[in-house]
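S.K.: This is the content of data_1.cif (mmCIF, N, CA and C atoms):
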data_data
#
loop_
_atom_site.label_atom_id
_atom_site.label_comp_id
_atom_site.auth_asym_id
_atom_site.auth_seq_id
_atom_site.Cartn_x
_atom_site.Cartn_y
_atom_site.Cartn_z
N MET A 172 30.51 41.55 53.62
CA MET A 172 30.62 41.50 52.18
C MET A 172 29.20 41.48 51.60
N ALA A 173 28.88 42.45 50.79
CA ALA A 173 27.58 42.52 50.15
C ALA A 173 27.64 41.80 48.80
N VAL A 174 26.61 41.01 48.54
CA VAL A 174 26.54 40.27 47.29
C VAL A 174 25.24 40.63 46.59
N ASN A 175 25.33 40.95 45.32
CA ASN A 175 24.16 41.26 44.51
C ASN A 175 24.05 40.18 43.44
N LEU A 176 23.12 39.25 43.60
CA LEU A 176 22.97 38.12 42.69
C LEU A 176 21.67 38.26 41.93
N LYS A 177 21.75 38.13 40.61
CA LYS A 177 20.55 38.20 39.76
C LYS A 177 20.46 36.95 38.93
N TYR A 178 19.26 36.42 38.82
CA TYR A 178 19.01 35.24 38.01
C TYR A 178 17.93 35.58 37.00
N ILE A 179 18.18 35.29 35.73
CA ILE A 179 17.19 35.54 34.69
C ILE A 179 16.73 34.20 34.15
N ASP A 180 15.44 33.93 34.27
CA ASP A 180 14.87 32.69 33.76
C ASP A 180 14.76 32.81 32.24
N PRO A 181 15.42 31.94 31.47
CA PRO A 181 15.41 32.09 30.01
C PRO A 181 14.02 31.94 29.39
N THR A 182 13.09 31.25 30.04
CA THR A 182 11.76 31.10 29.46
C THR A 182 11.05 32.44 29.38
N TYR A 183 11.31 33.36 30.30
CA TYR A 183 10.70 34.68 30.22
C TYR A 183 11.31 35.48 29.07
N ALA A 184 12.56 35.31 28.82
CA ALA A 184 13.21 36.02 27.71
C ALA A 184 12.65 35.56 26.38
N ILE A 185 12.36 34.28 26.26
CA ILE A 185 11.80 33.76 25.02
C ILE A 185 10.40 34.32 24.80
N ARG A 186 9.61 34.41 25.83
CA ARG A 186 8.24 34.91 25.71
C ARG A 186 8.17 36.42 25.47
N SER A 187 9.23 37.13 25.73
CA SER A 187 9.17 38.58 25.63
C SER A 187 9.44 39.09 24.21
N VAL A 188 9.69 38.22 23.26
CA VAL A 188 9.94 38.64 21.89
C VAL A 188 8.63 39.10 21.26
N ALA A 189 8.68 40.20 20.54
CA ALA A 189 7.47 40.73 19.90
C ALA A 189 6.95 39.77 18.84
N ALA A 190 5.62 39.67 18.74
CA ALA A 190 5.00 38.79 17.76
C ALA A 190 5.13 39.40 16.37
N ASN A 191 5.30 38.54 15.38
CA ASN A 191 5.34 39.02 14.00
C ASN A 191 4.09 38.55 13.27
N SER A 192 3.99 38.80 11.98
CA SER A 192 2.77 38.47 11.24
C SER A 192 2.53 36.96 11.18
N ALA A 193 3.59 36.15 11.12
CA ALA A 193 3.42 34.69 11.10
C ALA A 193 2.82 34.20 12.42
N ASP A 194 3.23 34.79 13.53
CA ASP A 194 2.66 34.43 14.83
C ASP A 194 1.17 34.77 14.88
N THR A 195 0.81 35.93 14.33
CA THR A 195 -0.59 36.36 14.32
C THR A 195 -1.44 35.40 13.51
N ILE A 196 -0.94 34.98 12.35
CA ILE A 196 -1.68 34.05 11.49
C ILE A 196 -1.83 32.70 12.18
N MET A 197 -0.75 32.20 12.81
CA MET A 197 -0.82 30.92 13.49
C MET A 197 -1.82 30.97 14.65
N CYS A 198 -1.82 32.05 15.43
CA CYS A 198 -2.76 32.18 16.54
C CYS A 198 -4.19 32.22 16.04
N ALA A 199 -4.43 32.90 14.92
CA ALA A 199 -5.78 32.95 14.35
C ALA A 199 -6.24 31.56 13.91
N LYS A 200 -5.35 30.79 13.29
CA LYS A 200 -5.70 29.42 12.87
C LYS A 200 -6.00 28.54 14.08
N LEU A 201 -5.18 28.64 15.13
CA LEU A 201 -5.41 27.84 16.33
C LEU A 201 -6.73 28.22 17.00
N ALA A 202 -7.02 29.52 17.05
CA ALA A 202 -8.27 29.97 17.67
C ALA A 202 -9.47 29.50 16.86
N GLN A 203 -9.42 29.61 15.54
CA GLN A 203 -10.52 29.16 14.70
C GLN A 203 -10.75 27.66 14.86
N ASN A 204 -9.67 26.90 14.93
CA ASN A 204 -9.80 25.45 15.10
C ASN A 204 -10.38 25.11 16.46
N ALA A 205 -10.03 25.87 17.49
CA ALA A 205 -10.59 25.63 18.82
C ALA A 205 -12.10 25.89 18.82
N VAL A 206 -12.53 26.93 18.14
CA VAL A 206 -13.97 27.22 18.05
C VAL A 206 -14.68 26.12 17.27
N HIS A 207 -14.09 25.65 16.18
CA HIS A 207 -14.70 24.57 15.41
C HIS A 207 -14.83 23.31 16.25
N GLY A 208 -13.79 22.99 17.02
CA GLY A 208 -13.86 21.81 17.88
C GLY A 208 -14.96 21.93 18.92
N ALA A 209 -15.11 23.10 19.50
CA ALA A 209 -16.19 23.31 20.48
C ALA A 209 -17.55 23.21 19.82
N MET A 210 -17.68 23.72 18.60
CA MET A 210 -18.96 23.63 17.89
C MET A 210 -19.28 22.19 17.48
N PHE A 211 -18.25 21.37 17.25
CA PHE A 211 -18.46 19.96 16.96
C PHE A 211 -18.90 19.20 18.20
N GLY A 212 -18.72 19.81 19.38
CA GLY A 212 -19.10 19.15 20.62
C GLY A 212 -17.95 18.48 21.33
N TYR A 213 -16.73 18.68 20.86
CA TYR A 213 -15.57 18.09 21.52
C TYR A 213 -15.31 18.81 22.85
N THR A 214 -14.86 18.04 23.82
CA THR A 214 -14.46 18.61 25.10
C THR A 214 -13.09 18.07 25.47
N ALA A 215 -12.44 18.71 26.42
CA ALA A 215 -11.13 18.30 26.93
C ALA A 215 -10.10 18.16 25.81
N PHE A 216 -9.95 19.20 25.00
CA PHE A 216 -8.97 19.19 23.93
C PHE A 216 -8.32 20.56 23.83
N SER A 217 -7.21 20.58 23.12
CA SER A 217 -6.54 21.82 22.77
C SER A 217 -6.20 21.74 21.30
N THR A 218 -5.86 22.85 20.70
CA THR A 218 -5.43 22.82 19.31
C THR A 218 -3.92 23.04 19.26
N GLY A 219 -3.31 22.48 18.25
CA GLY A 219 -1.87 22.63 18.10
C GLY A 219 -1.45 22.30 16.69
N ILE A 220 -0.19 22.53 16.40
CA ILE A 220 0.37 22.23 15.09
C ILE A 220 1.07 20.87 15.17
N VAL A 221 0.62 19.92 14.36
CA VAL A 221 1.22 18.59 14.29
C VAL A 221 1.54 18.32 12.83
N ARG A 222 2.81 18.16 12.52
CA ARG A 222 3.27 17.92 11.15
C ARG A 222 2.72 18.95 10.17
N ASN A 223 2.83 20.21 10.56
CA ASN A 223 2.41 21.36 9.76
C ASN A 223 0.91 21.41 9.49
N ALA A 224 0.10 20.76 10.31
CA ALA A 224 -1.35 20.82 10.19
C ALA A 224 -1.93 21.17 11.55
N VAL A 225 -2.96 22.00 11.56
CA VAL A 225 -3.64 22.35 12.81
C VAL A 225 -4.49 21.15 13.22
N SER A 226 -4.35 20.70 14.47
CA SER A 226 -4.98 19.46 14.92
C SER A 226 -5.62 19.64 16.29
N PHE A 227 -6.58 18.76 16.57
CA PHE A 227 -7.15 18.66 17.92
C PHE A 227 -6.26 17.71 18.72
N ILE A 228 -5.87 18.12 19.92
CA ILE A 228 -5.02 17.30 20.77
C ILE A 228 -5.74 17.10 22.10
N PRO A 229 -6.03 15.85 22.48
CA PRO A 229 -6.69 15.62 23.77
C PRO A 229 -5.82 16.09 24.93
N ILE A 230 -6.45 16.66 25.95
CA ILE A 230 -5.73 17.15 27.13
C ILE A 230 -4.98 16.00 27.80
N LYS A 231 -5.56 14.80 27.80
CA LYS A 231 -4.91 13.65 28.41
C LYS A 231 -3.56 13.37 27.73
N THR A 232 -3.51 13.49 26.41
CA THR A 232 -2.27 13.27 25.67
C THR A 232 -1.24 14.34 26.03
N ILE A 233 -1.69 15.57 26.17
CA ILE A 233 -0.79 16.66 26.52
C ILE A 233 -0.20 16.43 27.92
N ASN A 234 -1.04 16.01 28.86
CA ASN A 234 -0.57 15.77 30.22
C ASN A 234 0.42 14.61 30.28
N GLU A 235 0.19 13.58 29.49
CA GLU A 235 1.07 12.41 29.52
C GLU A 235 2.40 12.67 28.80
N ALA A 236 2.46 13.70 27.96
CA ALA A 236 3.67 13.98 27.18
C ALA A 236 4.80 14.51 28.03
N GLY A 237 4.48 15.11 29.17
CA GLY A 237 5.54 15.65 30.02
C GLY A 237 5.86 17.08 29.67
N ILE A 238 6.97 17.56 30.21
CA ILE A 238 7.37 18.96 30.05
C ILE A 238 8.64 19.03 29.23
N ASN A 239 8.66 19.94 28.26
CA ASN A 239 9.89 20.21 27.50
C ASN A 239 10.62 21.34 28.21
N LYS A 240 11.89 21.16 28.46
CA LYS A 240 12.68 22.19 29.11
C LYS A 240 13.55 22.89 28.10
N VAL A 241 13.70 24.21 28.28
CA VAL A 241 14.53 25.00 27.38
C VAL A 241 15.97 24.94 27.86
#
Turn the structure described in the file into structure tokens.

M.R.:
Amino acid sequence: MAVNLKYIDPTYAIRSVAANSADTIMCAKLAQNAVHGAMFGYTAFSTGIVRNAVSFIPIKTINEAGINKV
């Protein structure tokens, strides 16, 4: 008996959606904030959206937050 089994990881399907203009603007804001943080001399941080504001987030905080599953 031959079996053909396929599994599709939903996280890849979510990432495959084409970017729209709002995504482009958000990425530009995050990139600009990352450059500003580096110019301020900050290290070990990432940028993200927190309560509708672009913020510096320490890597330690990101690591301690855990993983969100879809």

S.K.: Counting only C-alpha atoms, figure out which residue out of A:Ala202, A:Ala193, A:Val174, A:Val188 gets nearest to Thr218 of chain A.

M.R.: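 Using only C-alpha atoms, the shortest distance to Thr218 of chain A belongs to A:Ala202.
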
S.K.: Please write the residues picked by the PyMOL selection byres (((chain A and resi 217 and name CA) around 8) and name CA) on this file as a VMD selection string.

M.R.: chain A and resid 205 215 to 216 218 to 219 227 to 230

S.K.: Could you please determine the separation between atom C of Asn191 of chain A and atom CA of Asn239 of chain A in Å, to one decimal place?

M.R.: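 Straight-line distance from atom C of Asn191 of chain A to atom CA of Asn239 of chain A works out to 23.9 Å.
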
S.K.: Please identify the strand (DSSP E) residues within chain A (assignment by DSSP from backbone atoms) and present them as a ChimeraX atom specification.

M.R.: /A:216-221,224-229

S.K.: Please, could you write that set of residues out with N, CA and C atoms as a PDB file, in the coordinates of the input?

M.R.:
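And here is the file that came out, part.pdb:
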ATOM      1  N   PHE A 216      -9.950  19.200  25.000  1.00  0.00           N
ATOM      2  CA  PHE A 216      -8.970  19.190  23.930  1.00  0.00           C
ATOM      3  C   PHE A 216      -8.320  20.560  23.830  1.00  0.00           C
ATOM      4  N   SER A 217      -7.210  20.580  23.120  1.00  0.00           N
ATOM      5  CA  SER A 217      -6.540  21.820  22.770  1.00  0.00           C
ATOM      6  C   SER A 217      -6.200  21.740  21.300  1.00  0.00           C
ATOM      7  N   THR A 218      -5.860  22.850  20.700  1.00  0.00           N
ATOM      8  CA  THR A 218      -5.430  22.820  19.310  1.00  0.00           C
ATOM      9  C   THR A 218      -3.920  23.040  19.260  1.00  0.00           C
ATOM     10  N   GLY A 219      -3.310  22.480  18.250  1.00  0.00           N
ATOM     11  CA  GLY A 219      -1.870  22.630  18.100  1.00  0.00           C
ATOM     12  C   GLY A 219      -1.450  22.300  16.690  1.00  0.00           C
ATOM     13  N   ILE A 220      -0.190  22.530  16.400  1.00  0.00           N
ATOM     14  CA  ILE A 220       0.370  22.230  15.090  1.00  0.00           C
ATOM     15  C   ILE A 220       1.070  20.870  15.170  1.00  0.00           C
ATOM     16  N   VAL A 221       0.620  19.920  14.360  1.00  0.00           N
ATOM     17  CA  VAL A 221       1.220  18.590  14.290  1.00  0.00           C
ATOM     18  C   VAL A 221       1.540  18.320  12.830  1.00  0.00           C
ATOM     19  N   ALA A 224       0.100  20.760  10.310  1.00  0.00           N
ATOM     20  CA  ALA A 224      -1.350  20.820  10.190  1.00  0.00           C
ATOM     21  C   ALA A 224      -1.930  21.170  11.550  1.00  0.00           C
ATOM     22  N   VAL A 225      -2.960  22.000  11.560  1.00  0.00           N
ATOM     23  CA  VAL A 225      -3.640  22.350  12.810  1.00  0.00           C
ATOM     24  C   VAL A 225      -4.490  21.150  13.220  1.00  0.00           C
ATOM     25  N   SER A 226      -4.350  20.700  14.470  1.00  0.00           N
ATOM     26  CA  SER A 226      -4.980  19.460  14.920  1.00  0.00           C
ATOM     27  C   SER A 226      -5.620  19.640  16.290  1.00  0.00           C
ATOM     28  N   PHE A 227      -6.580  18.760  16.570  1.00  0.00           N
ATOM     29  CA  PHE A 227      -7.150  18.660  17.920  1.00  0.00           C
ATOM     30  C   PHE A 227      -6.260  17.710  18.720  1.00  0.00           C
ATOM     31  N   ILE A 228      -5.870  18.120  19.920  1.00  0.00           N
ATOM     32  CA  ILE A 228      -5.020  17.300  20.770  1.00  0.00           C
ATOM     33  C   ILE A 228      -5.740  17.100  22.100  1.00  0.00           C
ATOM     34  N   PRO A 229      -6.030  15.850  22.480  1.00  0.00           N
ATOM     35  CA  PRO A 229      -6.690  15.620  23.770  1.00  0.00           C
ATOM     36  C   PRO A 229      -5.820  16.090  24.930  1.00  0.00           C
TER      37      PRO A 229
END

S.K.: Which value, in Å to one decimal, gives the distance between atom N of Gly237 of chain A and atom CA of Ser192 of chain A?

M.R.: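 These atoms are spaced 29.5 Å apart.
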
S.K.: Take atom CA of Tyr178 of chain A and atom CA of Ile233 of chain A and report the distance between them in Å, one decimal.

M.R.: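 Computing the Euclidean distance for atom CA of Tyr178 of chain A and atom CA of Ile233 of chain A yields 29.5 Å.
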
S.K.: As a count of residues only, please: every residue in chain A that DSSP puts in alpha helix (DSSP H).

M.R.: 33

S.K.: Kindly indicate which residue among A:Ala173, A:Leu201, A:Ala190, A:Val206 lies nearest to Ser226 of chain A, using only C-alpha atoms for the distances.

M.R.: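 Comparing A:Ala173, A:Leu201, A:Ala190, A:Val206 against Ser226 of chain A, the winner is A:Leu201.
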
S.K.: May I ask which of the residues A:Asn204, A:Thr195, A:Ile238, A:Met210 is the closest one to Val225 of chain A, counting all atoms listed in the file?

M.R.: A:Asn204

S.K.: The centre and edge lengths of an axis-aligned box containing all atoms of segment 197-206 of chain A present in the file, extended by 5 Å on each side, are to be given in Å to one decimal, as AutoDock Vina command-line options.

M.R.:
--center_x -7.7 --center_y 29.0 --center_z 15.8 --size_x 23.9 --size_y 17.8 --size_z 16.0
